[in-house]
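> Handing you a structure now.
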Amino acid sequence: MAKVRTRFAPSPTGFMHIGNLRTCLYAYLFAKKNDGAFVLRIEDTDRERYVEGAVDVIYSTLAKAGITHDEGPDKDGGYGPYIQSQRKSLYLDYAKELVEKGGAYYCFCDKERLDSLKDGNGVAKYDKHCLSLSKEEVQRRIDAKQPYVIRQNIPSDGASEYDDMVFGHISVPNEDMEDGVLIKSDGMPTYNFANVVDDHLMAINYVIRGVEYLSSTPKYNLMYDAFGWERPHYMHLSPIMKDAQRKLSKRYGDANFEDFLAKGYLPEAIVNYIALLGWSPKGNEEKLSMNQLVEQFDVDGISKSPSIFDEAKMRWLNGEYIKQMSVEDFVKAATPYFEESKAAGKYDYSELAKLLIPRVEILSEIPDKINFLEEFGEYDVTMFEHKKMKITKEIALANLKTVRQDFAEEEDWSDTALKARGMALAEKTGCKSGQIFLPLRLALTGVATTPGGATEMAQLLGKQESLRRLDFSIDLLERNI
RNA sequence: GGCUCCAUGGUCAAGCGGUCAAGACAUCGCCCUUUCACGGCGGUAACUCGGGUUCGAUUCCCGAUGGAGUCACCA
C-alpha cells in the first residue's frame, strides 16, 4: 500500500485562522497516525491577497502548535517546489495535455457573451459554446493572439460520484457543474486546477480540507480521470461556527491562533481543544497531548455537522493545562502578565505563581487577580456580611480590632504563624475561625476573591502594609456601619 | 432559487434496532476548607416534526422544517 501523504495548503493571507489550524491539525494527525508524510504547500497564486510576512506566520504557528511538517518550502522531500508561484510554468502544459485527452478545451468567449448567459438571478452557466470549435479554428485564433482561457469539459448528463471518508457517498448531477476555468486568460491556473495538478504531482493520496469543497470534488475527480491519474481519498471537514448561523471568521475577530495566545491561552490547550471540536476520541479522557491525539485520532470520530466554538470550554481546558505547570514554567509564561499588573516587579513571581496556578484559567486574568496588592482604597463594606458564616458588619469590626491588636505583636509574619494566631484567637473569643479569617481577608485586600487565604495574603503584603490596611478597613467599617 | 450535505441537553458530543440515552464544559445545590480558589458529591437539562419499515425506532426509509456549504478568469 502506498505511503499516506497528506498536505496543508494555506494561502499566505495573514494570521492563522482557528478553522484552518484545525484542518491542518487533522491532516497532520491522520498522516502521523498512519506513519505517513505531512506536507506543507503554500498557495500564493493570488497576488492580490498576498500579505507580506504571512508565510513566516504559518511557520511559527505550526511550530508553536507542535505540528511538524515533513516536507515544505523549507524541507525538500523531492516533490518541490512547495510554493505554488514557483510552479506556475508547469500548469499550462498539463492543461494542454488535458485538452488533448478531451478533458478540457479552449474558450474564446468574451465578457459580454458570458454576461449574456446570466439568468434572472445573475447566475450563469457556461454553454460549452467553444467546445464545438474545430482544432484548426482554435489554432487559428491562438495564432491570431486572441485571448483565451482553458475550460474543463464536464459531461452534460449523468452524475459524478465518490465516497468521502466522513460524509460517505456523494453524488452530483453533471448538469449542475459548470465547465470551470482551469487556465485564466493571463496564463495562470485557477485554484481548482493548480490544486489537482499539485496534489497529484506531490503524490498526495489523502486530501483533507473544509466542506466547502465537498460538492466541487466531483469536478476534480473528473480531471484525475481524464488525466488517467489515480484519484485520492477525500476527507472533508465541517466548519467551526461562532454561533448557529455564523461561521467563525476573521470578520468577527478573535478567531486567530495568535489572538488566543495573546489572551493567555497555551498553545497545547488550543490545539487540544480544537482537536475536540468536530472529532471525539473513543474514551472519555479529553485532555490529550499531541502524542495521544496522534494515537487516538480516527476518522470514525469526526462529526459531520458544524460545531460551535465554545470559548468557555477551551478556557477550562487551558486551566487544566495551567494546573499541571511547574512553578518555573508558569513564571516564564506569566511574566508578561505580571509585568503589566500594578504589582510588577514588587513581589516574588514564584510566590505569586504558587498561589495563582490553581486559580487561573487563562494568563490574562493575572493582572486583575493581583492588582489589589498595590491598589487599595475605599471598597464596598457589605462584603463583610456573610449569612452562612453568621458575620455582620459589627462582628467583622469587632474581630478585626482584636486581630489588629493581636497581630501587631507577631514578629514572625508568615502564613503559618499568623494562621496559628488566628486560630488561637478564634478559640479565645469563641468565634468560628471563618469569622476571624473572612473579615481579615477582606480587610487586607478590599476584594471579594483573592488568590489565597487571609494569612497568605497577609504574608504577601508584609507586616507594615497589612497593619496599615487593617487600620484603614477598621476605620472604613466604623464610618459605614 | 438549483445542487450537495447535516440534524441528540445552552455548548462539545457518545450512541451505530431493544440503553433508566454516556461523558465533558456551562449552570444550580451540597460537602470540604480559613475566608478566595482547588477538590469531592449530587441536581436541572436532549433524541426538530410528520409519515412509514419493524415485535420494537434516537438509530433504517420518505417528507416537512431548520441549518451549513456551493453555484467566480478567489482560494
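In the C-alpha cells, each chain is lettered A, B, ... as it comes, each chain's residues begin at 1, and ligands are numbered from 1 in order of appearance.
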Taking a cut-off of 9 Å and counting only C-alpha atoms (C1' of nucleotides), can you build a table that, for each residue of region 38-65 of chain B near region 11-18 of chain B, reports the nearest atom pair and how far apart they are in Å (one decimal), sorted by chain then residue number, as JSON lines?


```
{"residue": "B:U54", "atom": "C1'", "partner": "B:G17", "partner_atom": "C1'", "distance": 8.6}
{"residue": "B:G56", "atom": "C1'", "partner": "B:G18", "partner_atom": "C1'", "distance": 6.7}
{"residue": "B:A57", "atom": "C1'", "partner": "B:G17", "partner_atom": "C1'", "distance": 6.4}
{"residue": "B:U58", "atom": "C1'", "partner": "B:G15", "partner_atom": "C1'", "distance": 8.5}
{"residue": "B:U59", "atom": "C1'", "partner": "B:G17", "partner_atom": "C1'", "distance": 6.6}
{"residue": "B:C60", "atom": "C1'", "partner": "B:G17", "partner_atom": "C1'", "distance": 8.4}
```

> Within 9 Å of chain A, which residues belong to chain B? Use only C-alpha atoms (C1' of nucleotides) and report them as a list of chain:residue names.

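That gives B:G1, B:G2, B:C3, B:U4, B:C5, B:C6, B:A7, B:U11, B:C12, B:A13, B:A14, B:G23, B:A24, B:C25, B:A26, B:U34, B:U35, B:C36, B:A37, B:C38, B:G67, B:A68, B:G69, B:U70, B:C71, B:A72, B:C73, B:C74, B:A75 for chain B.
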
> DSSP on the backbone, alpha helix (DSSP H) only: what residues of region 184-353 of chain A does that give? Format it as a VMD selection string.

chain A and resid 191 to 201 217 to 227 257 to 262 267 to 276 290 to 296 311 to 323 327 to 340 349 to 353

> In Å, with one decimal, what is the gap from CA of Gln405 (chain A) to CA of Phe384 (chain A)?

19.4 Å

> Can you work out which one of A:Thr392, A:Glu374, A:Ile481, A:Ala65 has the shortest atom-to-atom distance to Ser289 (chain A), counting only C-alpha atoms?

A:Ala65

> Any idea what the distance is between CA of Ile366 (chain A) and CA of Lys354 (chain A)?

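Interatomic distance here is 12.6 Å.
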
> Provide the C1' of A46 (chain B) to C1' of U8 (chain B) distance in Å, to one decimal place.

5.5 Å

> Excluding Leu261 (chain A) and residues on its chain fewer than 2 positions from it, collect all residues at most 12 Å away from it, counting only C-alpha atoms (C1' of nucleotides), and give them as a compact mmCIF listing (two decimals) with all heavy atoms, in the first residue's frame.


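Generated output (out31.txt):
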```txt
# COMPACT_ATOMS: atom_id res chain seq x y z
N MET A 16 -3.17 32.98 11.19
CA MET A 16 -3.74 31.65 11.03
C MET A 16 -5.09 31.56 11.73
O MET A 16 -5.19 31.68 12.95
CB MET A 16 -2.78 30.62 11.62
CG MET A 16 -3.30 29.21 11.54
SD MET A 16 -3.04 28.42 9.95
CE MET A 16 -1.31 27.99 10.11
N ILE A 18 -8.37 29.85 13.24
CA ILE A 18 -8.56 28.63 14.03
C ILE A 18 -9.11 27.46 13.19
O ILE A 18 -8.72 26.32 13.37
CB ILE A 18 -9.51 28.94 15.22
CG1 ILE A 18 -8.73 29.67 16.32
CG2 ILE A 18 -10.17 27.70 15.75
CD1 ILE A 18 -7.64 28.85 16.96
N THR A 61 3.30 29.48 13.51
CA THR A 61 2.09 28.88 14.08
C THR A 61 2.23 27.37 14.17
O THR A 61 1.92 26.77 15.20
CB THR A 61 0.86 29.22 13.20
OG1 THR A 61 0.72 30.64 13.16
CG2 THR A 61 -0.39 28.60 13.79
N LYS A 64 4.60 26.52 17.02
CA LYS A 64 4.00 26.69 18.35
C LYS A 64 2.95 25.63 18.62
O LYS A 64 2.77 25.19 19.74
CB LYS A 64 3.36 28.07 18.46
CG LYS A 64 4.36 29.18 18.69
CD LYS A 64 3.64 30.52 18.73
CE LYS A 64 4.65 31.67 18.60
NZ LYS A 64 4.01 32.89 18.05
N ALA A 65 2.23 25.26 17.58
CA ALA A 65 1.16 24.30 17.76
C ALA A 65 1.70 22.87 17.90
O ALA A 65 0.97 21.95 18.22
CB ALA A 65 0.18 24.38 16.59
N ASP A 254 -11.00 37.84 16.86
CA ASP A 254 -10.59 36.86 17.87
C ASP A 254 -10.64 35.41 17.43
O ASP A 254 -10.79 34.53 18.25
CB ASP A 254 -11.46 37.00 19.13
CG ASP A 254 -11.05 38.21 19.94
OD1 ASP A 254 -10.17 38.97 19.47
OD2 ASP A 254 -11.56 38.38 21.03
N ALA A 255 -10.55 35.18 16.15
CA ALA A 255 -10.61 33.79 15.70
C ALA A 255 -9.25 33.29 15.25
O ALA A 255 -9.14 32.22 14.71
CB ALA A 255 -11.63 33.65 14.58
N ASN A 256 -8.25 34.08 15.50
CA ASN A 256 -6.91 33.67 15.09
C ASN A 256 -6.14 33.03 16.23
O ASN A 256 -6.29 33.42 17.39
CB ASN A 256 -6.12 34.86 14.57
CG ASN A 256 -6.72 35.41 13.30
OD1 ASN A 256 -7.21 34.66 12.46
ND2 ASN A 256 -6.71 36.72 13.16
N PHE A 257 -5.32 32.10 15.87
CA PHE A 257 -4.45 31.43 16.82
C PHE A 257 -3.69 32.46 17.66
O PHE A 257 -3.65 32.37 18.88
CB PHE A 257 -3.50 30.54 16.03
CG PHE A 257 -2.57 29.70 16.85
CD1 PHE A 257 -3.07 28.68 17.63
CD2 PHE A 257 -1.20 29.93 16.82
CE1 PHE A 257 -2.20 27.89 18.38
CE2 PHE A 257 -0.34 29.15 17.57
CZ PHE A 257 -0.84 28.13 18.35
N GLU A 258 -3.13 33.43 16.97
CA GLU A 258 -2.33 34.45 17.65
C GLU A 258 -3.15 35.24 18.68
O GLU A 258 -2.65 35.60 19.74
CB GLU A 258 -1.78 35.45 16.62
CG GLU A 258 -0.94 34.82 15.53
CD GLU A 258 0.44 34.41 16.01
OE1 GLU A 258 0.91 34.98 17.01
OE2 GLU A 258 1.03 33.51 15.40
N ASP A 259 -4.39 35.49 18.36
CA ASP A 259 -5.24 36.24 19.27
C ASP A 259 -5.41 35.48 20.58
O ASP A 259 -5.41 36.06 21.66
CB ASP A 259 -6.64 36.47 18.67
CG ASP A 259 -6.57 37.41 17.47
OD1 ASP A 259 -5.68 38.28 17.46
OD2 ASP A 259 -7.39 37.26 16.56
N LYS A 263 -4.28 36.27 24.46
CA LYS A 263 -5.22 36.29 25.58
C LYS A 263 -4.74 35.42 26.74
O LYS A 263 -5.41 35.31 27.76
CB LYS A 263 -6.56 35.74 25.14
CG LYS A 263 -7.50 36.73 24.50
CD LYS A 263 -8.85 36.05 24.42
CE LYS A 263 -9.91 36.83 23.71
NZ LYS A 263 -11.14 36.00 23.59
N GLY A 264 -3.63 34.75 26.51
CA GLY A 264 -3.10 33.94 27.59
C GLY A 264 -3.50 32.48 27.53
O GLY A 264 -3.53 31.78 28.55
N TYR A 265 -3.82 32.02 26.35
CA TYR A 265 -4.07 30.59 26.18
C TYR A 265 -2.75 29.91 25.84
O TYR A 265 -1.89 30.49 25.17
CB TYR A 265 -5.06 30.33 25.05
CG TYR A 265 -6.49 30.64 25.41
CD1 TYR A 265 -7.04 31.90 25.17
CD2 TYR A 265 -7.30 29.68 26.01
CE1 TYR A 265 -8.35 32.19 25.51
CE2 TYR A 265 -8.61 29.97 26.36
CZ TYR A 265 -9.14 31.22 26.11
OH TYR A 265 -10.42 31.50 26.46
N LEU A 266 -2.60 28.69 26.29
CA LEU A 266 -1.40 27.92 25.99
C LEU A 266 -1.62 27.21 24.64
O LEU A 266 -2.69 26.66 24.41
CB LEU A 266 -1.20 26.86 27.07
CG LEU A 266 -0.40 27.16 28.34
CD1 LEU A 266 -0.23 28.64 28.60
CD2 LEU A 266 -1.01 26.47 29.53
N PRO A 267 -0.59 27.18 23.81
CA PRO A 267 -0.77 26.54 22.50
C PRO A 267 -1.26 25.08 22.60
O PRO A 267 -2.11 24.67 21.83
CB PRO A 267 0.61 26.62 21.85
CG PRO A 267 1.51 27.26 22.82
CD PRO A 267 0.73 27.83 23.94
N GLU A 268 -0.73 24.35 23.56
CA GLU A 268 -1.16 22.95 23.69
C GLU A 268 -2.65 22.86 23.99
O GLU A 268 -3.34 21.95 23.53
CB GLU A 268 -0.44 22.24 24.85
CG GLU A 268 1.04 22.36 24.86
CD GLU A 268 1.48 23.57 25.68
OE1 GLU A 268 1.45 24.71 25.12
OE2 GLU A 268 1.85 23.42 26.85
N ALA A 269 -3.14 23.81 24.78
CA ALA A 269 -4.56 23.78 25.15
C ALA A 269 -5.43 24.13 23.95
O ALA A 269 -6.48 23.54 23.74
CB ALA A 269 -4.82 24.75 26.30
N ILE A 270 -4.97 25.07 23.16
CA ILE A 270 -5.73 25.46 21.97
C ILE A 270 -5.81 24.27 21.02
O ILE A 270 -6.87 23.92 20.52
CB ILE A 270 -5.07 26.66 21.24
CG1 ILE A 270 -5.00 27.86 22.17
CG2 ILE A 270 -5.84 27.00 19.97
CD1 ILE A 270 -4.23 29.05 21.59
N VAL A 271 -4.67 23.66 20.80
CA VAL A 271 -4.62 22.51 19.90
C VAL A 271 -5.51 21.39 20.41
O VAL A 271 -6.30 20.80 19.67
CB VAL A 271 -3.16 22.01 19.73
CG1 VAL A 271 -3.13 20.66 19.05
CG2 VAL A 271 -2.35 23.03 18.94
N ARG A 315 -11.36 27.53 27.74
CA ARG A 315 -10.84 28.19 28.93
C ARG A 315 -10.61 27.18 30.05
O ARG A 315 -9.58 27.17 30.71
CB ARG A 315 -11.88 29.22 29.37
CG ARG A 315 -11.37 30.48 29.92
CD ARG A 315 -12.58 31.31 30.39
NE ARG A 315 -12.10 32.19 31.42
CZ ARG A 315 -11.71 33.43 31.18
NH1 ARG A 315 -11.80 33.95 29.97
NH2 ARG A 315 -11.23 34.17 32.15
N ASN A 318 -7.72 25.06 29.24
CA ASN A 318 -6.49 25.81 29.45
C ASN A 318 -6.12 25.81 30.94
O ASN A 318 -4.97 25.64 31.30
CB ASN A 318 -6.67 27.24 28.95
CG ASN A 318 -5.36 27.91 28.64
OD1 ASN A 318 -4.62 27.49 27.76
ND2 ASN A 318 -5.04 28.95 29.40
N ALA A 333 5.81 31.78 31.53
CA ALA A 333 4.67 32.11 30.66
C ALA A 333 3.92 33.34 31.19
O ALA A 333 3.36 34.11 30.41
CB ALA A 333 3.72 30.92 30.56
N ALA A 334 3.92 33.51 32.51
CA ALA A 334 3.10 34.56 33.10
C ALA A 334 3.80 35.89 33.28
O ALA A 334 3.16 36.91 33.54
CB ALA A 334 2.56 34.08 34.45
N ILE A 362 -6.90 31.45 32.26
CA ILE A 362 -6.06 31.99 31.19
C ILE A 362 -5.18 33.08 31.78
O ILE A 362 -5.58 33.80 32.70
CB ILE A 362 -6.88 32.54 29.99
CG1 ILE A 362 -7.80 33.67 30.39
CG2 ILE A 362 -7.66 31.41 29.33
CD1 ILE A 362 -8.55 34.28 29.22
N LEU A 363 -3.99 33.18 31.27
CA LEU A 363 -2.97 34.05 31.82
C LEU A 363 -3.37 35.52 31.92
O LEU A 363 -2.92 36.23 32.80
CB LEU A 363 -1.69 33.92 30.98
CG LEU A 363 -0.62 32.90 31.37
CD1 LEU A 363 -1.06 31.89 32.40
CD2 LEU A 363 -0.02 32.22 30.16
N SER A 364 -4.24 35.94 31.01
CA SER A 364 -4.60 37.36 31.03
C SER A 364 -5.45 37.74 32.25
O SER A 364 -5.70 38.90 32.48
CB SER A 364 -5.34 37.73 29.75
OG SER A 364 -6.44 36.88 29.56
```

> Give the strand (DSSP E) residues of region 201-384 of chain A, as assigned by DSSP on the backbone, as a PyMOL selection string.

chain A and resi 206-210+233-237+240-241+307-308

> Please write the residues from the selection above to a file, keeping all heavy atoms, as a compact mmCIF listing (two decimals), in the first residue's frame.


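Result file is again-v6.txt:
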```txt
# COMPACT_ATOMS: atom_id res chain seq x y z
N TYR A 206 -4.31 11.47 0.31
CA TYR A 206 -5.43 11.76 1.20
C TYR A 206 -5.60 13.27 1.25
O TYR A 206 -4.75 13.96 1.80
CB TYR A 206 -5.21 11.19 2.60
CG TYR A 206 -5.38 9.69 2.63
CD1 TYR A 206 -4.33 8.85 2.27
CD2 TYR A 206 -6.60 9.12 2.97
CE1 TYR A 206 -4.49 7.48 2.24
CE2 TYR A 206 -6.77 7.74 2.95
CZ TYR A 206 -5.72 6.93 2.58
OH TYR A 206 -5.88 5.57 2.55
N VAL A 207 -6.68 13.74 0.66
CA VAL A 207 -6.92 15.18 0.63
C VAL A 207 -7.87 15.53 1.77
O VAL A 207 -9.00 15.05 1.82
CB VAL A 207 -7.53 15.59 -0.73
CG1 VAL A 207 -7.99 17.04 -0.68
CG2 VAL A 207 -6.51 15.38 -1.84
N ILE A 208 -7.37 16.32 2.71
CA ILE A 208 -8.16 16.69 3.88
C ILE A 208 -8.36 18.20 3.86
O ILE A 208 -7.40 18.96 3.84
CB ILE A 208 -7.41 16.26 5.16
CG1 ILE A 208 -7.23 14.73 5.13
CG2 ILE A 208 -8.17 16.70 6.42
CD1 ILE A 208 -6.32 14.18 6.20
N ARG A 209 -9.61 18.62 3.81
CA ARG A 209 -9.90 20.05 3.67
C ARG A 209 -11.32 20.36 4.12
O ARG A 209 -12.06 19.47 4.54
CB ARG A 209 -9.73 20.44 2.20
CG ARG A 209 -10.44 19.45 1.38
CD ARG A 209 -11.01 19.54 0.05
NE ARG A 209 -10.17 19.79 -1.06
CZ ARG A 209 -10.32 19.23 -2.26
NH1 ARG A 209 -11.31 18.35 -2.48
NH2 ARG A 209 -9.54 19.55 -3.24
N GLY A 210 -11.71 21.61 4.05
CA GLY A 210 -13.02 22.02 4.52
C GLY A 210 -14.16 21.56 3.63
O GLY A 210 -13.95 21.28 2.45
N HIS A 233 -8.02 9.86 -1.84
CA HIS A 233 -9.14 9.72 -0.91
C HIS A 233 -9.44 11.12 -0.39
O HIS A 233 -8.54 11.95 -0.31
CB HIS A 233 -8.75 8.83 0.27
CG HIS A 233 -8.36 7.45 -0.16
ND1 HIS A 233 -9.27 6.46 -0.41
CD2 HIS A 233 -7.13 6.91 -0.41
CE1 HIS A 233 -8.63 5.36 -0.78
NE2 HIS A 233 -7.34 5.60 -0.79
N TYR A 234 -10.67 11.34 -0.03
CA TYR A 234 -11.04 12.67 0.46
C TYR A 234 -11.63 12.62 1.86
O TYR A 234 -12.39 11.71 2.20
CB TYR A 234 -12.08 13.30 -0.46
CG TYR A 234 -11.58 13.59 -1.86
CD1 TYR A 234 -11.84 12.69 -2.90
CD2 TYR A 234 -10.83 14.72 -2.13
CE1 TYR A 234 -11.38 12.94 -4.18
CE2 TYR A 234 -10.37 14.99 -3.41
CZ TYR A 234 -10.64 14.10 -4.44
OH TYR A 234 -10.19 14.34 -5.70
N MET A 235 -11.25 13.62 2.63
CA MET A 235 -11.82 13.76 3.97
C MET A 235 -12.23 15.22 4.11
O MET A 235 -11.38 16.11 4.19
CB MET A 235 -10.75 13.42 5.01
CG MET A 235 -11.27 13.26 6.41
SD MET A 235 -9.91 13.10 7.61
CE MET A 235 -9.16 11.58 7.11
N HIS A 236 -13.53 15.47 4.09
CA HIS A 236 -13.99 16.85 4.22
C HIS A 236 -14.45 17.14 5.65
O HIS A 236 -15.04 16.28 6.30
CB HIS A 236 -15.09 17.13 3.20
CG HIS A 236 -14.57 17.23 1.80
ND1 HIS A 236 -14.66 16.20 0.87
CD2 HIS A 236 -13.90 18.24 1.18
CE1 HIS A 236 -14.08 16.58 -0.25
NE2 HIS A 236 -13.61 17.81 -0.10
N LEU A 237 -14.16 18.34 6.08
CA LEU A 237 -14.40 18.72 7.47
C LEU A 237 -15.42 19.86 7.59
O LEU A 237 -15.30 20.89 6.94
CB LEU A 237 -13.08 19.20 8.08
CG LEU A 237 -12.09 18.23 8.70
CD1 LEU A 237 -12.33 16.78 8.36
CD2 LEU A 237 -10.67 18.65 8.43
N ILE A 240 -16.19 25.34 11.67
CA ILE A 240 -16.33 25.75 13.06
C ILE A 240 -17.14 27.03 13.04
O ILE A 240 -16.84 27.95 12.29
CB ILE A 240 -14.95 26.02 13.69
CG1 ILE A 240 -14.13 24.74 13.69
CG2 ILE A 240 -15.12 26.56 15.12
CD1 ILE A 240 -12.73 24.92 14.25
N MET A 241 -18.18 27.06 13.85
CA MET A 241 -19.09 28.19 13.84
C MET A 241 -18.92 29.08 15.07
O MET A 241 -18.54 28.62 16.14
CB MET A 241 -20.53 27.69 13.82
CG MET A 241 -20.83 26.63 12.78
SD MET A 241 -20.83 27.28 11.13
CE MET A 241 -22.40 28.15 11.16
N SER A 307 -19.66 22.65 14.15
CA SER A 307 -19.63 22.75 15.60
C SER A 307 -19.35 24.17 16.02
O SER A 307 -18.57 24.89 15.40
CB SER A 307 -18.62 21.78 16.21
OG SER A 307 -17.58 21.51 15.31
N ILE A 308 -20.02 24.55 17.08
CA ILE A 308 -19.89 25.92 17.57
C ILE A 308 -18.73 26.02 18.54
O ILE A 308 -18.59 25.21 19.45
CB ILE A 308 -21.21 26.36 18.25
CG1 ILE A 308 -22.33 26.35 17.21
CG2 ILE A 308 -21.05 27.73 18.89
CD1 ILE A 308 -23.71 26.56 17.77
```

> Tell me which protein, DNA and RNA residues are within 12 Å of U65 (chain B), counting only C-alpha atoms (C1' of nucleotides), leaving out same-chain ones fewer than 5 positions away, and put them as a list in words.

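The neighbour list is A7, U48, C49 and G50 of chain B.
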
> Please determine, counting only C-alpha atoms, which residue among A:Val166, A:Ile274, A:Val57, A:Ala144 has the shortest atom-to-atom distance to Leu25 (chain A).

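Result for the nearest residue to Leu25 (chain A): A:Ile274.
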
> Write out as a PyMOL selection string which residues come within 12 Å of Arg479 (chain A) when counting only C-alpha atoms (C1' of nucleotides), dropping same-chain ones fewer than 3 positions away.

chain A and resi 378+380-381+393-394+397+472-476

> Would you export the selected residues with C-alpha atoms as a PDB file, in the first residue's frame, please?


```pdb
ATOM      1  CA  GLU A 378     -12.446  52.582  49.611  1.00  0.00           C
ATOM      2  CA  ASP A 380     -17.970  48.162  49.478  1.00  0.00           C
ATOM      3  CA  VAL A 381     -18.288  47.112  53.122  1.00  0.00           C
ATOM      4  CA  LYS A 393     -20.501  44.258  59.882  1.00  0.00           C
ATOM      5  CA  GLU A 394     -20.467  44.622  63.654  1.00  0.00           C
ATOM      6  CA  LEU A 397     -15.415  45.108  63.020  1.00  0.00           C
ATOM      7  CA  PHE A 472      -7.871  51.620  57.087  1.00  0.00           C
ATOM      8  CA  SER A 473     -10.553  48.947  56.972  1.00  0.00           C
ATOM      9  CA  ILE A 474     -11.452  49.320  60.627  1.00  0.00           C
ATOM     10  CA  ASP A 475     -11.931  52.992  60.053  1.00  0.00           C
ATOM     11  CA  LEU A 476     -13.898  52.396  56.884  1.00  0.00           C
TER      12      LEU A 476
END
```

> So that I can check the surroundings of region 92-104 of chain A, please list as a list of chain:residue names every protein, DNA and RNA residue that reaches within 7 Å of it, counting only C-alpha atoms (C1' of nucleotides) and ignoring chain neighbours fewer than 6 positions away.

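The contact residues come out as A:Ile150, A:Arg151, A:Gln152, A:Asn153, A:Met223, A:Ala226, A:Phe227.
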